[in-house]
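Chemist: Questions regarding the structure given below will be posed in turn.
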Amino acid sequence: MAAITLIEAVNLALAHELKRDNDVVVLGEDVGVNGGVFRATNGLAQKFGKDRVIDTPLAESMIAGLAIGMAAQGMKPVAEMQFEAFMMPAYDMIYNHMARMRLRTRGRITLPMVIRAPWGGGIHAPEHHSDSPEAQCAHIPGLKVVIPSNPSRAYGLLLAAIRDPDPVLFFEPKRVYRIVKHEIEDNGEEYPLGTCFVDREGTDITLVSWGAMMHETLIAADKLKLEGISAEVIDVATISPLDIDTILESVAKTGRLCIVCEAPRSGSWASEIAAQVAEHGLFNLLAPIGRVTGYDTTMPYYKLEKQFMPSVDRILEEARRLMQYK
Amino acid sequence: MAAITLIEAVNLALAHELKRDNDVVVLGEDVGVNGGVFRATNGLAQKFGKDRVIDTPLAESMIAGLAIGMAAQGMKPVAEMQFEAFMMPAYDMIYNHMARMRLRTRGRITLPMVIRAPWGGGIHAPEHHSDSPEAQCAHIPGLKVVIPSNPSRAYGLLLAAIRDPDPVLFFEPKRVYRIVKHEIEDNGEEYPLGTCFVDREGTDITLVSWGAMMHETLIAADKLKLEGISAEVIDVATISPLDIDTILESVAKTGRLCIVCEAPRSGSWASEIAAQVAEHGLFNLLAPIGRVTGYDTTMPYYKLEKQFMPSVDRILEEARRLMQYK
Amino acid sequence: YLDPTGKPLTKTLPDFAKDKDLLRSMYRNMVRLRAFDAKAYALQRTGNMGTYPASLGQEAIGIGYGLALKKEDVLVPYYRSTGGLLMHGVSMLEIFLYWGGDERGSDFKVAREDFPIAVPIATQCLHATGVATAIKYRKQQRAVVTEIGEGGTSEGDFYEAINVAGIWNLGVVFFINNNQWAISVPSEIQTNCETYAQKGIAAGIESVQVDGNDILAVYDVAHKAFEKARAGKGATLIEAVSYRLCDHTTADDASRYRSKDELEKGWDSEPIKRLRGYLESLKAWSDKDEEALQKEVADEIEAAVHAYKTFPAPKPEDMFDTLYAELPKHIQQQRADAIARGAKHTGGHH
Amino acid sequence: YLDPTGKPLTKTLPDFAKDKDLLRSMYRNMVRLRAFDAKAYALQRTGNMGTYPASLGQEAIGIGYGLALKKEDVLVPYYRSTGGLLMHGVSMLEIFLYWGGDERGSDFKVAREDFPIAVPIATQCLHATGVATAIKYRKQQRAVVTEIGEGGTSEGDFYEAINVAGIWNLGVVFFINNNQWAISVPSEIQTNCETYAQKGIAAGIESVQVDGNDILAVYDVAHKAFEKARAGKGATLIEAVSYRLCDHTTADDASRYRSKDELEKGWDSEPIKRLRGYLESLKAWSDKDEEALQKEVADEIEAAVHAYKTFPAPKPEDMFDTLYAELPKHIQQQRADAIARGAKHTGGHH
Ligand SMILES: Cc1ncc(C[n+]2csc(CCOP(=O)(O)OP(=O)(O)O)c2C)c(N)n1
Ligand SMILES: Cc1ncc(C[n+]2csc(CCOP(=O)(O)OP(=O)(O)O)c2C)c(N)n1
Ligand SMILES: [Mg+2]
Ligand SMILES: [Mg+2]
């Protein structure tokens, strides 16, 4: 059992489902012979054939629309958007159709489909290749939005996403594609959607994050420990539907909450979590709710991207500030 | 000086700017001879000519893309999306281009443009004609998002939006198009963007809303008064950039906050306001932050829309609940 | 095939043009659709139903391709596909419910695999290509048909759909209802193409233009295109030239942008009169038949209206129950809240 | 006009084909572009620049239409329009900065009205139509040119753009760089059209296919199309058939999906060798000229590299200062915070 990266874990989960279920197909731009620009589908076309791993013409609304039509016939398409920002031509399909089909047909037509996309910044990519548009997706009822933070979760959550009877947006933190390795057994065991993962138990402050920022957050937690601050760290993983209970329980224990995400601050999913805690956990709070996020500006070209994204330092400073409140 | 409706106020502001500034043009589907499906552009093509009030082919990404190109040349296009949900094919243009042009060119190219769209539910319209997608727009840095609640503000804020050097999304509460009338003098005086309006002074609770829901909110405030509860009512009007100071000052005074909006609760702009208050005004709060919003489901077909949208009763009950906290 | 009065334009017509049962069924269903539209209009005007888009003058299109459809084929309709829907087993009640603001109208009891009505223009074209992709993947012999207005062909989704249908050789048929108007926008300012059919050249698919007021012509091209689709021989784009004799919808007033004369001219070539003329020339239709038909149709519609008006009102929980296979916990609480309030709601606005 | 070796294919060539200064300038600039690409590659490989898309083999396109452009015309480029950008006054430094992750590379000092490079595919086509609409509105005699890859023509935005350019008779020229590949996707699975030019038929605009490796041909059609655009005579779609001799970008490895043989065949018809042959046949180019040119180009590029490497680093406040005409208050606080941290940042992670 070799240790594999997040991108390899995605590939492993796709291969597992392609093998297990003939209704599963993969489609997108360059997912075939080339194996995807990040190699998520590496070798799959060769192994499962071009009718199951499909290179499409270059059009995202088309890719989403095709997947909707295929899923309506009971297939389980896994569509790839080459980068998160190139999902936007498909936003209409996602918003007006993919999210609504089950409800508007009262369950007659369902869409067991997944749209995958590399997501987030930090790899010195060109313009429009480093965004974090999860909030404008999670705000759409009828969807599930999943963002794994490490290889094991990518494997287990992608399996769950593909098997889920409803449409799932699966955003893969591209910065983590190759920096972490986990030993993963290809046993087809899924992780539950809609459940947070508590990665560190702690008593003084609750740090909540998802995706690539989980790594800065965990490092911050380790450093805080050295300062005698016990941080509980939660990986939201499925941002919608949100498992708020796990977060509320933690805040009830720690009394302090700091949410970390890469997207621009205003209207980010960090705000949603803060709002729910301000509604249901207000009187457990010893300190204001901190949000360490991207700034309210467009993700800059790569020379400044590090200055845009939350750093371990920013998390540490915010945590220390919140610890001032007793 | 006759009393006019919100839709007439929009028409008046458009006519005023078309007359004042030759760089201003109106474009969209059916905005010409027909005067728009809601008559927002009624009579304008006849008055200003078809080269200034332009019926476009049927394509929203095209409408936004054209406006971007025209604005880059210094024109001031005012584009209409026929209904809010039909803006989604243009979401890519809005997200990847309209919002970013000034920043990415370091100010070389600016986009003094406006996209208008009828917005919100409550008129028994067909499917996809009653949504409130303001949050997924306000989350995009570089844009301004304005939602007037009455005729005077529609007139003054639309003038400001057209004159603003940056792109503005202007959402018009279609439910209010014809139900309220204001006496408006066509004096070309604009209202400031980025400022909340305090419509009722109060001491016990702060009610914050925007768009059509301002009417339920004001009615609720009146009823609360009869119960001896003094509610301060704030019309956000420009949801992005958000004038949080006015809200924080009010909450400092009242200690209680209830935010009312029509969009699905999770990820709504009500959540952003709650998050900012939980961050900067936490210790002024006597009660949890209440959000009276649409439910976390798709806006239903019209037979159930009233049950989806916040009602005066829901606002009253939430306000009373928050008043329990001393 | 037929001139506006119903006289054959060519000496020999295809065999099916002698099949009197088929011809009667064509006529019967066009009359049925027109009567249904009239009733829907009346329901809207009397506040019993919401906005409704009629098919007046365009009946030959939906009824024509609808008659050529098989049960196992898939229809991906747009809002003006009432004819196709009725022919493919969607009930009048379901159509009333849909335009009456009730999702149960999209839960087709018979045509289980047909798509619900697409209001976002041109999106249905991509859904149809997706359905056809699944059918091809499973090596089934089923045709997929979708319909779009001529104005809708300006949307990128339409083009993306015909392009992929071409390269993947999908068994999908795109019907363009060219009724000359996109609400208030005439074809002269919609595209610089002489025909909408020629747009298929950009996708390398077979394209035909047909007189959409001649149901024999519509049926013939549809039948051939469906056979071709079922045989795995690829996609067809069909422009059916017709005319919108009605307002765009009940919410529209076409007199604002369209001349009386043009409208009157439009009536000259309407499809029902034309087929009636042909039927009579074949002695296949009598005034007695007409009487019987009118009564039969009126009864059917009345029954549907009764069913619609007595249909149980939707419940608040309907907003939630089919949102997900399993409703997330926090939404269950919202569901309970909505049910609790359900009673209170009057539906009126303050 | 020329065969792969540079021999004229027709007895008589257009007059400009005898203008030796023009021919030399064509040659000089293609060589310049190829050398610039090579340097950009080297900078990326040595970690001094980010991902870069070269124009290897496609130099005749950007240089060809670039030479036909006037200063007051507007270029709306995509990421592989380096040739057009260089010809229209965008500096090598600006192009290095752009691909080096610095927005100042999009703040063109000379071509103030040209659009920044479009990465979201096909969107530039709509921007170009908008610019052309403004130019038409103001009754100016200026052409607008935009460029798109053949794969990009599958996007709805491309079609929406040519459609409106057709009906509004806009002075815009759409250049399709058909380099046969969209990253790993060959034309055989991109569209069922025999040619990309024929897609213009769907918009009713004039469309031409041209040998994109023959700069005389590219220049000629571009020149005519621009004149037509400036004269208010409408839009033109030009498919320039070429071949991508390089990887898609520095991040791509074409050997994964493309055969050696195909690549070698591609070299046979590359544009620089061809024009060189023709120049020599006219005695318009000598080895001495070549030497001088190589040196001249190398010096220019070295100077640009030096300017790039010594260019002051962007500051944290640059993330904010041109976001709005006036920065909202809450963002001013974020700006201050970013400046305060600026120093601390190492650029590394953790
Ligand atoms: C994406 C989208 N944009 C705009 C609309 C609003 N709208 C509804 S019908 C219509 C005109 C459609 O005309 P056409 O395509 O010719 O079809 P017809 O109604 O004539 O059958 C418009 C603009 C919509 N429903 N969807
Ligand atoms: C909307 C969008 N989708 C996907 C991409 C990712 N992408 C970048 S280049 C490319 C292939 C483009 O091929 P082509 O249009 O032929 O242009 P070429 O690169 O060959 O010049 C893709 C899919 C993108 N940049 N924008
Ligand atoms: Mg029409
Ligand atoms: Mg290409």
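Following the order of the structure tokens, first chain is A, next is B, and so on, with residues numbered from 1 inside each chain and ligands from 1 in the order they appear.
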Output the neighbourhood of ligand 1 as number ranges by chain, that is, all protein and nucleic acid residues with some atom at most 7 Å from the ligand, counting only C-alpha atoms and all ligand atoms.

Modeler: B: 29, 58-60, 82, 86, 89; C: 80, 119-122, 148-153, 177-183, 248

Chemist: Give me the residues within 8 Å of segment 279-289 of chain B as number ranges by chain, counting only C-alpha atoms and dropping any in the same chain fewer than 2 places off.

Modeler: A: 275, 278-283, 287-290; B: 248, 251-253, 255-259, 274-277, 291, 322-323, 325-326

Chemist: Any chance you could export the current selection's N, CA, C and O atoms as a short mmCIF file (atom, residue, chain, number, x, y, z; two decimals), in the first residue's frame?

Modeler:
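Saved to out-v2.cif:
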data_model
loop_
_atom_site.label_atom_id
_atom_site.label_comp_id
_atom_site.auth_asym_id
_atom_site.auth_seq_id
_atom_site.Cartn_x
_atom_site.Cartn_y
_atom_site.Cartn_z
N ALA A 275 -22.43 33.50 10.86
CA ALA A 275 -23.83 33.90 11.08
C ALA A 275 -24.58 32.81 11.85
O ALA A 275 -25.35 33.11 12.77
N ALA A 278 -23.49 32.93 15.39
CA ALA A 278 -24.04 34.13 16.05
C ALA A 278 -25.52 33.94 16.34
O ALA A 278 -26.09 34.61 17.20
N GLU A 279 -26.16 33.01 15.63
CA GLU A 279 -27.58 32.79 15.84
C GLU A 279 -27.83 31.71 16.90
O GLU A 279 -28.65 31.87 17.79
N HIS A 280 -27.05 30.64 16.82
CA HIS A 280 -27.32 29.49 17.68
C HIS A 280 -26.32 29.31 18.82
O HIS A 280 -26.56 28.50 19.71
N GLY A 281 -25.20 30.01 18.76
CA GLY A 281 -24.20 29.79 19.80
C GLY A 281 -23.68 31.06 20.43
O GLY A 281 -22.63 31.08 21.06
N LEU A 282 -24.46 32.12 20.26
CA LEU A 282 -23.96 33.43 20.69
C LEU A 282 -23.48 33.45 22.13
O LEU A 282 -22.41 33.95 22.45
N PHE A 283 -24.27 32.86 23.00
CA PHE A 283 -23.96 33.02 24.43
C PHE A 283 -22.85 32.09 24.90
O PHE A 283 -22.46 32.12 26.06
N ALA A 287 -15.44 35.58 22.80
CA ALA A 287 -14.74 36.55 21.94
C ALA A 287 -15.52 36.74 20.65
O ALA A 287 -16.36 35.91 20.29
N PRO A 288 -15.26 37.84 19.95
CA PRO A 288 -15.87 38.03 18.63
C PRO A 288 -15.51 36.85 17.72
O PRO A 288 -14.53 36.14 17.96
N ILE A 289 -16.29 36.66 16.68
CA ILE A 289 -15.99 35.59 15.73
C ILE A 289 -14.98 36.11 14.72
O ILE A 289 -15.22 37.12 14.05
N GLY A 290 -13.83 35.46 14.66
CA GLY A 290 -12.78 35.90 13.74
C GLY A 290 -12.89 35.22 12.40
O GLY A 290 -13.25 34.04 12.31
N LEU B 248 -23.81 48.98 12.52
CA LEU B 248 -23.14 48.78 13.82
C LEU B 248 -23.58 49.84 14.82
O LEU B 248 -23.85 49.54 15.99
N VAL B 251 -27.00 48.94 16.06
CA VAL B 251 -26.99 47.79 16.97
C VAL B 251 -26.37 48.18 18.32
O VAL B 251 -26.79 47.71 19.37
N ALA B 252 -25.41 49.08 18.28
CA ALA B 252 -24.82 49.57 19.54
C ALA B 252 -25.90 50.20 20.39
O ALA B 252 -25.88 50.12 21.62
N LYS B 253 -26.86 50.80 19.70
CA LYS B 253 -27.95 51.49 20.41
C LYS B 253 -29.04 50.51 20.86
O LYS B 253 -29.49 50.54 22.00
N GLY B 255 -28.99 46.90 20.59
CA GLY B 255 -28.57 45.63 21.18
C GLY B 255 -29.20 44.40 20.54
O GLY B 255 -28.93 43.27 20.95
N ARG B 256 -30.06 44.63 19.56
CA ARG B 256 -30.72 43.48 18.92
C ARG B 256 -30.76 43.70 17.42
O ARG B 256 -31.01 44.81 16.94
N LEU B 257 -30.52 42.62 16.66
CA LEU B 257 -30.47 42.73 15.20
C LEU B 257 -31.25 41.61 14.54
O LEU B 257 -31.09 40.43 14.88
N CYS B 258 -32.11 41.99 13.61
CA CYS B 258 -32.84 41.02 12.80
C CYS B 258 -32.72 41.43 11.34
O CYS B 258 -33.06 42.57 10.98
N ILE B 259 -32.19 40.55 10.52
CA ILE B 259 -31.96 40.86 9.11
C ILE B 259 -33.00 40.11 8.28
O ILE B 259 -33.24 38.92 8.51
N ALA B 274 -24.66 39.58 9.36
CA ALA B 274 -24.58 38.96 10.68
C ALA B 274 -23.13 38.70 11.06
O ALA B 274 -22.71 38.96 12.19
N ALA B 275 -22.34 38.23 10.12
CA ALA B 275 -20.94 37.91 10.41
C ALA B 275 -20.17 39.17 10.80
O ALA B 275 -19.38 39.16 11.75
N GLN B 276 -20.42 40.26 10.09
CA GLN B 276 -19.68 41.49 10.40
C GLN B 276 -20.08 42.03 11.76
O GLN B 276 -19.24 42.54 12.52
N VAL B 277 -21.35 41.90 12.10
CA VAL B 277 -21.78 42.37 13.42
C VAL B 277 -21.22 41.45 14.50
O VAL B 277 -20.79 41.91 15.56
N ARG B 291 -32.12 36.06 11.59
CA ARG B 291 -32.22 36.20 10.12
C ARG B 291 -33.57 35.66 9.68
O ARG B 291 -33.87 34.50 9.91
N LEU B 322 -36.52 37.88 19.84
CA LEU B 322 -35.26 38.55 20.20
C LEU B 322 -35.48 39.51 21.38
O LEU B 322 -34.58 39.73 22.18
N MET B 323 -36.70 40.04 21.47
CA MET B 323 -36.99 40.97 22.58
C MET B 323 -37.02 40.26 23.93
O MET B 323 -36.91 40.90 24.98
N TYR B 325 -34.76 38.52 25.08
CA TYR B 325 -33.43 38.64 25.70
C TYR B 325 -33.26 40.04 26.26
O TYR B 325 -33.50 41.02 25.58
N LYS B 326 -32.90 40.11 27.51
CA LYS B 326 -32.74 41.45 28.12
C LYS B 326 -31.26 41.73 28.37
O LYS B 326 -30.50 40.84 28.66
#

Chemist: Can you check which residues of chain A have any atom within 6 Å of chain C? Use only C-alpha atoms and format it as an NGL selection string.

Modeler: :A and (62 or 65-66 or 69-70 or 103-108 or 142)

Chemist: Output N, CA and C atoms of each residue in that selection to a file, as a PDB file, in the first residue's frame.

Modeler:
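Generated file (selection.pdb):
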ATOM      1  N   MET A  62     -21.892  23.417 -22.279  1.00  0.00           N
ATOM      2  CA  MET A  62     -22.175  22.155 -22.965  1.00  0.00           C
ATOM      3  C   MET A  62     -21.836  20.959 -22.083  1.00  0.00           C
ATOM      4  N   GLY A  65     -24.432  20.749 -19.420  1.00  0.00           N
ATOM      5  CA  GLY A  65     -25.720  20.399 -20.009  1.00  0.00           C
ATOM      6  C   GLY A  65     -25.773  18.945 -20.457  1.00  0.00           C
ATOM      7  N   LEU A  66     -24.681  18.474 -21.047  1.00  0.00           N
ATOM      8  CA  LEU A  66     -24.601  17.061 -21.435  1.00  0.00           C
ATOM      9  C   LEU A  66     -24.739  16.175 -20.205  1.00  0.00           C
ATOM     10  N   GLY A  69     -28.263  15.911 -19.026  1.00  0.00           N
ATOM     11  CA  GLY A  69     -29.061  15.020 -19.868  1.00  0.00           C
ATOM     12  C   GLY A  69     -28.727  13.561 -19.642  1.00  0.00           C
ATOM     13  N   MET A  70     -27.448  13.270 -19.487  1.00  0.00           N
ATOM     14  CA  MET A  70     -27.024  11.887 -19.255  1.00  0.00           C
ATOM     15  C   MET A  70     -27.524  11.396 -17.901  1.00  0.00           C
ATOM     16  N   LEU A 103     -36.362  18.669  -7.511  1.00  0.00           N
ATOM     17  CA  LEU A 103     -37.452  19.405  -6.865  1.00  0.00           C
ATOM     18  C   LEU A 103     -38.557  19.762  -7.850  1.00  0.00           C
ATOM     19  N   ARG A 104     -38.170  20.270  -9.005  1.00  0.00           N
ATOM     20  CA  ARG A 104     -39.208  20.776  -9.925  1.00  0.00           C
ATOM     21  C   ARG A 104     -39.989  19.653 -10.581  1.00  0.00           C
ATOM     22  N   THR A 105     -39.402  18.472 -10.630  1.00  0.00           N
ATOM     23  CA  THR A 105     -40.160  17.334 -11.175  1.00  0.00           C
ATOM     24  C   THR A 105     -40.721  16.481 -10.043  1.00  0.00           C
ATOM     25  N   ARG A 106     -40.637  16.996  -8.820  1.00  0.00           N
ATOM     26  CA  ARG A 106     -41.159  16.269  -7.659  1.00  0.00           C
ATOM     27  C   ARG A 106     -40.585  14.863  -7.574  1.00  0.00           C
ATOM     28  N   GLY A 107     -39.293  14.776  -7.908  1.00  0.00           N
ATOM     29  CA  GLY A 107     -38.594  13.505  -7.742  1.00  0.00           C
ATOM     30  C   GLY A 107     -38.637  12.594  -8.962  1.00  0.00           C
ATOM     31  N   ARG A 108     -39.338  13.024 -10.001  1.00  0.00           N
ATOM     32  CA  ARG A 108     -39.447  12.185 -11.199  1.00  0.00           C
ATOM     33  C   ARG A 108     -38.086  12.034 -11.885  1.00  0.00           C
ATOM     34  N   GLY A 142     -30.162  22.630  -3.221  1.00  0.00           N
ATOM     35  CA  GLY A 142     -30.275  21.454  -4.080  1.00  0.00           C
ATOM     36  C   GLY A 142     -28.943  20.865  -4.487  1.00  0.00           C
TER      37      GLY A 142
END

Chemist: Return the neighbours of chain D among the residues of chain C, cut-off 9 Å, counting only C-alpha atoms, as a ChimeraX atom specification.

Modeler: /C:154-160,163-169,188-205

Chemist: Got time to write the residues from that selection, N, CA and C atoms, as an mmCIF file, in the first residue's frame?

Modeler:
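Here's the written file selection-v5.cif:
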data_model
loop_
_atom_site.group_PDB
_atom_site.id
_atom_site.type_symbol
_atom_site.label_atom_id
_atom_site.label_comp_id
_atom_site.auth_asym_id
_atom_site.auth_seq_id
_atom_site.Cartn_x
_atom_site.Cartn_y
_atom_site.Cartn_z
ATOM 1 N N SER C 154 -30.093 32.383 -31.109
ATOM 2 C CA SER C 154 -28.982 33.327 -30.917
ATOM 3 C C SER C 154 -28.181 33.027 -29.656
ATOM 4 N N GLU C 155 -28.693 32.140 -28.820
ATOM 5 C CA GLU C 155 -27.995 31.778 -27.580
ATOM 6 C C GLU C 155 -26.852 30.807 -27.865
ATOM 7 N N GLY C 156 -25.756 30.986 -27.154
ATOM 8 C CA GLY C 156 -24.613 30.093 -27.311
ATOM 9 C C GLY C 156 -24.959 28.634 -27.053
ATOM 10 N N ASP C 157 -25.863 28.381 -26.119
ATOM 11 C CA ASP C 157 -26.210 26.990 -25.798
ATOM 12 C C ASP C 157 -26.755 26.235 -27.012
ATOM 13 N N PHE C 158 -27.520 26.937 -27.849
ATOM 14 C CA PHE C 158 -28.061 26.301 -29.051
ATOM 15 C C PHE C 158 -26.905 25.821 -29.934
ATOM 16 N N TYR C 159 -25.950 26.695 -30.139
ATOM 17 C CA TYR C 159 -24.817 26.372 -31.007
ATOM 18 C C TYR C 159 -23.930 25.277 -30.406
ATOM 19 N N GLU C 160 -23.680 25.361 -29.123
ATOM 20 C CA GLU C 160 -22.860 24.329 -28.476
ATOM 21 C C GLU C 160 -23.533 22.962 -28.614
ATOM 22 N N ASN C 163 -23.317 21.687 -32.249
ATOM 23 C CA ASN C 163 -21.927 21.337 -32.560
ATOM 24 C C ASN C 163 -21.566 19.960 -32.002
ATOM 25 N N VAL C 164 -21.920 19.707 -30.763
ATOM 26 C CA VAL C 164 -21.568 18.403 -30.183
ATOM 27 C C VAL C 164 -22.450 17.300 -30.784
ATOM 28 N N ALA C 165 -23.682 17.633 -31.110
ATOM 29 C CA ALA C 165 -24.553 16.636 -31.751
ATOM 30 C C ALA C 165 -23.949 16.200 -33.087
ATOM 31 N N GLY C 166 -23.309 17.144 -33.741
ATOM 32 C CA GLY C 166 -22.680 16.824 -35.024
ATOM 33 C C GLY C 166 -21.461 15.942 -34.858
ATOM 34 N N ILE C 167 -20.557 16.325 -34.010
ATOM 35 C CA ILE C 167 -19.300 15.580 -33.902
ATOM 36 C C ILE C 167 -19.508 14.219 -33.241
ATOM 37 N N TRP C 168 -20.501 14.114 -32.359
ATOM 38 C CA TRP C 168 -20.763 12.827 -31.694
ATOM 39 C C TRP C 168 -21.837 12.023 -32.419
ATOM 40 N N ASN C 169 -22.331 12.574 -33.517
ATOM 41 C CA ASN C 169 -23.330 11.863 -34.318
ATOM 42 C C ASN C 169 -24.506 11.384 -33.454
ATOM 43 N N GLU C 188 -35.496 40.036 -38.540
ATOM 44 C CA GLU C 188 -34.585 40.969 -39.232
ATOM 45 C C GLU C 188 -33.518 41.510 -38.293
ATOM 46 N N ILE C 189 -33.781 41.559 -37.004
ATOM 47 C CA ILE C 189 -32.737 42.068 -36.109
ATOM 48 C C ILE C 189 -32.213 40.976 -35.170
ATOM 49 N N GLN C 190 -32.545 39.739 -35.465
ATOM 50 C CA GLN C 190 -32.086 38.623 -34.625
ATOM 51 C C GLN C 190 -30.809 38.000 -35.186
ATOM 52 N N THR C 191 -30.759 37.865 -36.485
ATOM 53 C CA THR C 191 -29.593 37.253 -37.125
ATOM 54 C C THR C 191 -29.511 37.708 -38.570
ATOM 55 N N ASN C 192 -28.316 37.625 -39.127
ATOM 56 C CA ASN C 192 -28.108 38.027 -40.515
ATOM 57 C C ASN C 192 -28.251 36.839 -41.466
ATOM 58 N N CYS C 193 -28.602 35.681 -40.914
ATOM 59 C CA CYS C 193 -28.791 34.494 -41.756
ATOM 60 C C CYS C 193 -30.065 34.627 -42.585
ATOM 61 N N GLU C 194 -30.013 34.156 -43.813
ATOM 62 C CA GLU C 194 -31.245 34.152 -44.622
ATOM 63 C C GLU C 194 -32.203 33.109 -44.048
ATOM 64 N N THR C 195 -31.651 31.992 -43.569
ATOM 65 C CA THR C 195 -32.498 30.950 -42.988
ATOM 66 C C THR C 195 -31.890 30.522 -41.650
ATOM 67 N N TYR C 196 -32.747 29.989 -40.792
ATOM 68 C CA TYR C 196 -32.225 29.442 -39.538
ATOM 69 C C TYR C 196 -31.644 28.056 -39.777
ATOM 70 N N ALA C 197 -32.145 27.407 -40.799
ATOM 71 C CA ALA C 197 -31.649 26.066 -41.096
ATOM 72 C C ALA C 197 -30.143 26.100 -41.361
ATOM 73 N N GLN C 198 -29.689 27.173 -42.024
ATOM 74 C CA GLN C 198 -28.277 27.186 -42.413
ATOM 75 C C GLN C 198 -27.333 27.259 -41.217
ATOM 76 N N LYS C 199 -27.885 27.542 -40.043
ATOM 77 C CA LYS C 199 -27.026 27.556 -38.864
ATOM 78 C C LYS C 199 -26.449 26.161 -38.600
ATOM 79 N N GLY C 200 -27.137 25.139 -39.115
ATOM 80 C CA GLY C 200 -26.638 23.780 -38.939
ATOM 81 C C GLY C 200 -25.312 23.534 -39.638
ATOM 82 N N ILE C 201 -25.024 24.358 -40.642
ATOM 83 C CA ILE C 201 -23.760 24.206 -41.376
ATOM 84 C C ILE C 201 -22.577 24.431 -40.438
ATOM 85 N N ALA C 202 -22.775 25.269 -39.424
ATOM 86 C CA ALA C 202 -21.702 25.556 -38.463
ATOM 87 C C ALA C 202 -21.409 24.350 -37.581
ATOM 88 N N ALA C 203 -22.287 23.364 -37.633
ATOM 89 C CA ALA C 203 -22.111 22.172 -36.803
ATOM 90 C C ALA C 203 -21.907 20.929 -37.670
ATOM 91 N N GLY C 204 -21.962 21.129 -38.970
ATOM 92 C CA GLY C 204 -21.815 19.987 -39.862
ATOM 93 C C GLY C 204 -22.923 18.959 -39.698
ATOM 94 N N ILE C 205 -24.132 19.428 -39.437
ATOM 95 C CA ILE C 205 -25.252 18.474 -39.366
ATOM 96 C C ILE C 205 -26.265 18.768 -40.475
#

Chemist: May I have the residues within 10 Å of Ala99 of chain B as a ChimeraX atom specification, using only C-alpha atoms and disregarding those fewer than 2 positions away in the same chain?

Modeler: /A:297-298 /B:93-97,101-104,110-111,137,140-144,166-168 /D:323-324

Chemist: Considering only C-alpha atoms, state which residue in the set B:Gln136, B:Ser250, B:Thr5, B:Asn34 is at the smallest distance from chain A.

Modeler: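 Among the listed residues, the smallest separation from chain A belongs to B:Gln136.
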
Chemist: Determine which residues of segment 42-254 of chain B receive a DSSP assignment of strand (DSSP E or B), computed from the backbone, and state them as number ranges by chain.

Modeler: B: 53-55, 76-80, 114-119, 144-146, 168-173, 182-183, 197-200, 205-209, 231-235, 238-240

Chemist: Using only C-alpha atoms, which of B:Ala138, B:Ala3, B:Leu224, B:Ala154 sits nearest chain A?

Modeler: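 Distance minimum relative to chain A lands on B:Ala138.
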
Chemist: Can you tell me which residues surround segment 146-148 of chain A at a distance of at most 8 Å, considering only C-alpha atoms, apart from same-chain residues fewer than 3 positions away, and format the answer as a PyMOL selection string?

Modeler: chain A and resi 151+153-154+157+168-173+193+210-211+237-240

Chemist: Name the residues in contact with segment 288-301 of chain D at a cut-off of 12 Å, using only C-alpha atoms, excluding same-chain residues fewer than 6 positions from it; report them as a list of chain:residue names.

Modeler: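 Here the qualifying residues turn out to be D:Arg24, D:Ser25, D:Tyr27, D:Arg28, D:Asn29, D:Met30, D:Val31, D:Arg32, D:Leu33, D:Arg34, D:Ala35, D:Phe36, D:Asp37, D:Ala38, D:Lys39, D:Ala40, D:Leu43, D:Ser91, D:Met92, D:Leu93, D:Ile95, D:Phe96, D:Arg276, D:Leu279, D:Glu280, D:Ala307, D:Tyr308.
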
Chemist: A:Leu242, A:Val10, A:Val236, A:Ile68: which is nearest chain B, counting only C-alpha atoms?

Modeler: A:Leu242

Chemist: Taking 3 positions as the minimum chain separation for residues in the same chain, which residues sit within 12 Å of segment 3-10 of chain D when counting only C-alpha atoms? Answer as a VMD selection string.

Modeler: chain D and resid 13 to 14 17 to 18 211 to 217 265 to 282
